[in-house]
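Report on the following structure.
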Amino acid sequence: MAKVFIYPATSLILSDLVARFGHQPLGAALSIRERIQTAGVESPPLQITPEEPKKGLKYAAVEVPSGVRGRMSVYGPLIEAAEAAVIVTDADLAFGCMGCARTDELILFSLRSKDIPILEVEYPRSEEEGVRFVAAIRDFLANLKTEETA
């Protein structure tokens, strides 16, 4: 079982696909859940402690807006832990919105500069494309299992 970073990281559909094919999805849902349920976060709507943006300095310079640093304090450790990634390009907002274009660019740059297998697929616009979309993800994840056992 590989740890697979999903992009958009907020996509429950993509997270479910990765889990169904026997891998651990790395996305926003579980990471945010940990932060909300952890003692010390006194204002759950903010979902971060005052220390989180400081942790984000590891992934983004001080000149970068604090929102990007805050988001990278969530996504950075997930990217570091990732053994593979599935990136969906041109996704519909309902598929999973990341909320910040600068964070998106930094996440994609970080993933692409890491030496891991990456599948980039375009968001499907028809039923036929949807079938090919799921098949491509299935095949990619099946090959990850093969690489692990080799």
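Each chain in the structure tokens gets a letter, A, B and so on, in the order shown; residues start at 1 in every chain, and ligands are counted from 1 in the order they appear.
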
(message) If we count only C-alpha atoms and set the cut-off at 12 Å, which residues sit around Gly99 (chain A), ignoring sequence neighbours fewer than 3 positions away in its own chain? Please answer as a PyMOL selection string.
(response) chain A and resi 8-10+28+67-68+71+93-94+96+102-105

Write the residues you've just listed into a file as a compact mmCIF listing (two decimals), in the first residue's frame, and include N, CA, C and O atoms for each of them.
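Resulting contents of again-v3.txt:
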# COMPACT_ATOMS: atom_id res chain seq x y z
N PRO A 8 -6.95 17.65 -6.80
CA PRO A 8 -7.13 18.53 -5.65
C PRO A 8 -7.24 17.74 -4.36
O PRO A 8 -7.92 16.71 -4.29
N ALA A 9 -6.57 18.23 -3.33
CA ALA A 9 -6.49 17.54 -2.05
C ALA A 9 -7.81 17.50 -1.31
O ALA A 9 -7.97 16.74 -0.36
N THR A 10 -8.78 18.29 -1.75
CA THR A 10 -10.09 18.31 -1.10
C THR A 10 -11.09 17.38 -1.77
O THR A 10 -12.23 17.31 -1.36
N ALA A 28 -6.67 16.58 2.17
CA ALA A 28 -7.01 17.57 3.19
C ALA A 28 -7.94 17.04 4.26
O ALA A 28 -7.81 17.40 5.43
N GLY A 67 -1.59 33.10 4.24
CA GLY A 67 -2.56 32.06 3.87
C GLY A 67 -1.90 30.90 3.14
O GLY A 67 -2.23 29.74 3.36
N VAL A 68 -0.93 31.22 2.28
CA VAL A 68 -0.19 30.18 1.57
C VAL A 68 0.65 29.39 2.56
O VAL A 68 0.67 28.15 2.53
N ARG A 71 -1.65 27.11 4.55
CA ARG A 71 -2.07 25.95 3.77
C ARG A 71 -0.91 24.97 3.58
O ARG A 71 -1.09 23.76 3.65
N LEU A 93 -15.03 22.88 -10.05
CA LEU A 93 -14.95 23.31 -8.65
C LEU A 93 -15.64 22.34 -7.71
O LEU A 93 -15.21 22.14 -6.58
N ALA A 94 -16.71 21.70 -8.18
CA ALA A 94 -17.43 20.74 -7.34
C ALA A 94 -16.61 19.48 -7.09
O ALA A 94 -16.89 18.73 -6.15
N GLY A 96 -13.44 19.42 -6.26
CA GLY A 96 -12.53 19.70 -5.15
C GLY A 96 -11.80 20.99 -5.38
O GLY A 96 -10.91 21.07 -6.22
N ARG A 102 -2.03 30.45 -5.65
CA ARG A 102 -0.59 30.42 -5.33
C ARG A 102 -0.22 29.13 -4.61
O ARG A 102 0.82 28.54 -4.85
N THR A 103 -1.10 28.68 -3.71
CA THR A 103 -0.85 27.41 -3.03
C THR A 103 -0.89 26.27 -4.03
O THR A 103 -0.05 25.36 -3.98
N ASP A 104 -1.84 26.33 -4.97
CA ASP A 104 -1.92 25.30 -6.01
C ASP A 104 -0.62 25.19 -6.78
O ASP A 104 -0.10 24.09 -7.00
N GLU A 105 -0.08 26.33 -7.19
CA GLU A 105 1.17 26.33 -7.96
C GLU A 105 2.31 25.74 -7.14
O GLU A 105 3.11 24.96 -7.66

(request) Could you please write out, as a list of chain:residue names, every residue of chain A that DSSP assigns to strand (DSSP E)? (result)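 Here is the list: A:Lys3, A:Val4, A:Phe5, A:Ile6, A:Tyr7, A:Gln24, A:Pro25, A:Leu26, A:Ala84, A:Ala85, A:Val86, A:Ile87, A:Val88, A:Thr89, A:Ile118, A:Leu119, A:Glu120, A:Val121, A:Glu122.
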
(request) Would you list the contacts of Val4 (chain A) as a ChimeraX atom specification, taking every protein, DNA or RNA residue within 10 Å and counting only C-alpha atoms, but skipping same-chain residues closer than 3 positions in sequence? (result) /A:1,7,15,18-19,23-27,78-79,81-86,116-118,141,144

(request) Just the residues within 9 Å of Met72 (chain A), please, counting only C-alpha atoms, with nothing from its chain fewer than 5 positions along; format it as a list in words. (result)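 Near neighbours after the sequence-gap exclusion: Glu52, Pro53, Lys55, Gly56, Leu57, Lys58, Tyr59, Ala60, Gly67, Pro77, Thr103, Leu106 and Ile107 of chain A.
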
(message) Restricting the calculation to only C-alpha atoms: of A:Ile87, A:Leu119, A:Leu12, A:Leu17, which residue gets closest to Val134 (chain A)?
(response)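 Checking each candidate against Val134 (chain A), we get A:Leu17 as the closest.
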
(message) Here is a test: counting only C-alpha atoms, which residue of A:Glu51, A:Lys3, A:Asp90, A:Phe140 is nearest to Ser66 (chain A)?
(response)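 The closest residue to Ser66 (chain A) is A:Glu51.
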
(message) Report, in Å with one decimal, the straight-line distance from CA of Ile32 (chain A) to CA of Val121 (chain A).
(response)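 Between CA of Ile32 (chain A) and CA of Val121 (chain A) the gap works out to 25.4 Å.
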
(request) Within region 6-144 of chain A, find each residue whose DSSP state, derived from the backbone, is helix (DSSP H, G or I), and express the selection as a PyMOL selection string. (result) chain A and resi 12-20+28-37+52-58+66-81+93-95+101-113+127-144

(request) Please measure the separation of CA of Asp115 (chain A) and CA of Ile13 (chain A), giving the value in Å to one decimal. (result)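 Separation between CA of Asp115 (chain A) and CA of Ile13 (chain A): 25.3 Å.
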
(request) Point out the residue among A:Ala61, A:Ala142, A:Cys100, A:Ala29 with the least atom-to-atom distance to Leu14 (chain A), counting only C-alpha atoms. (result)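 For Leu14 (chain A), the nearest of the given residues is A:Ala29.
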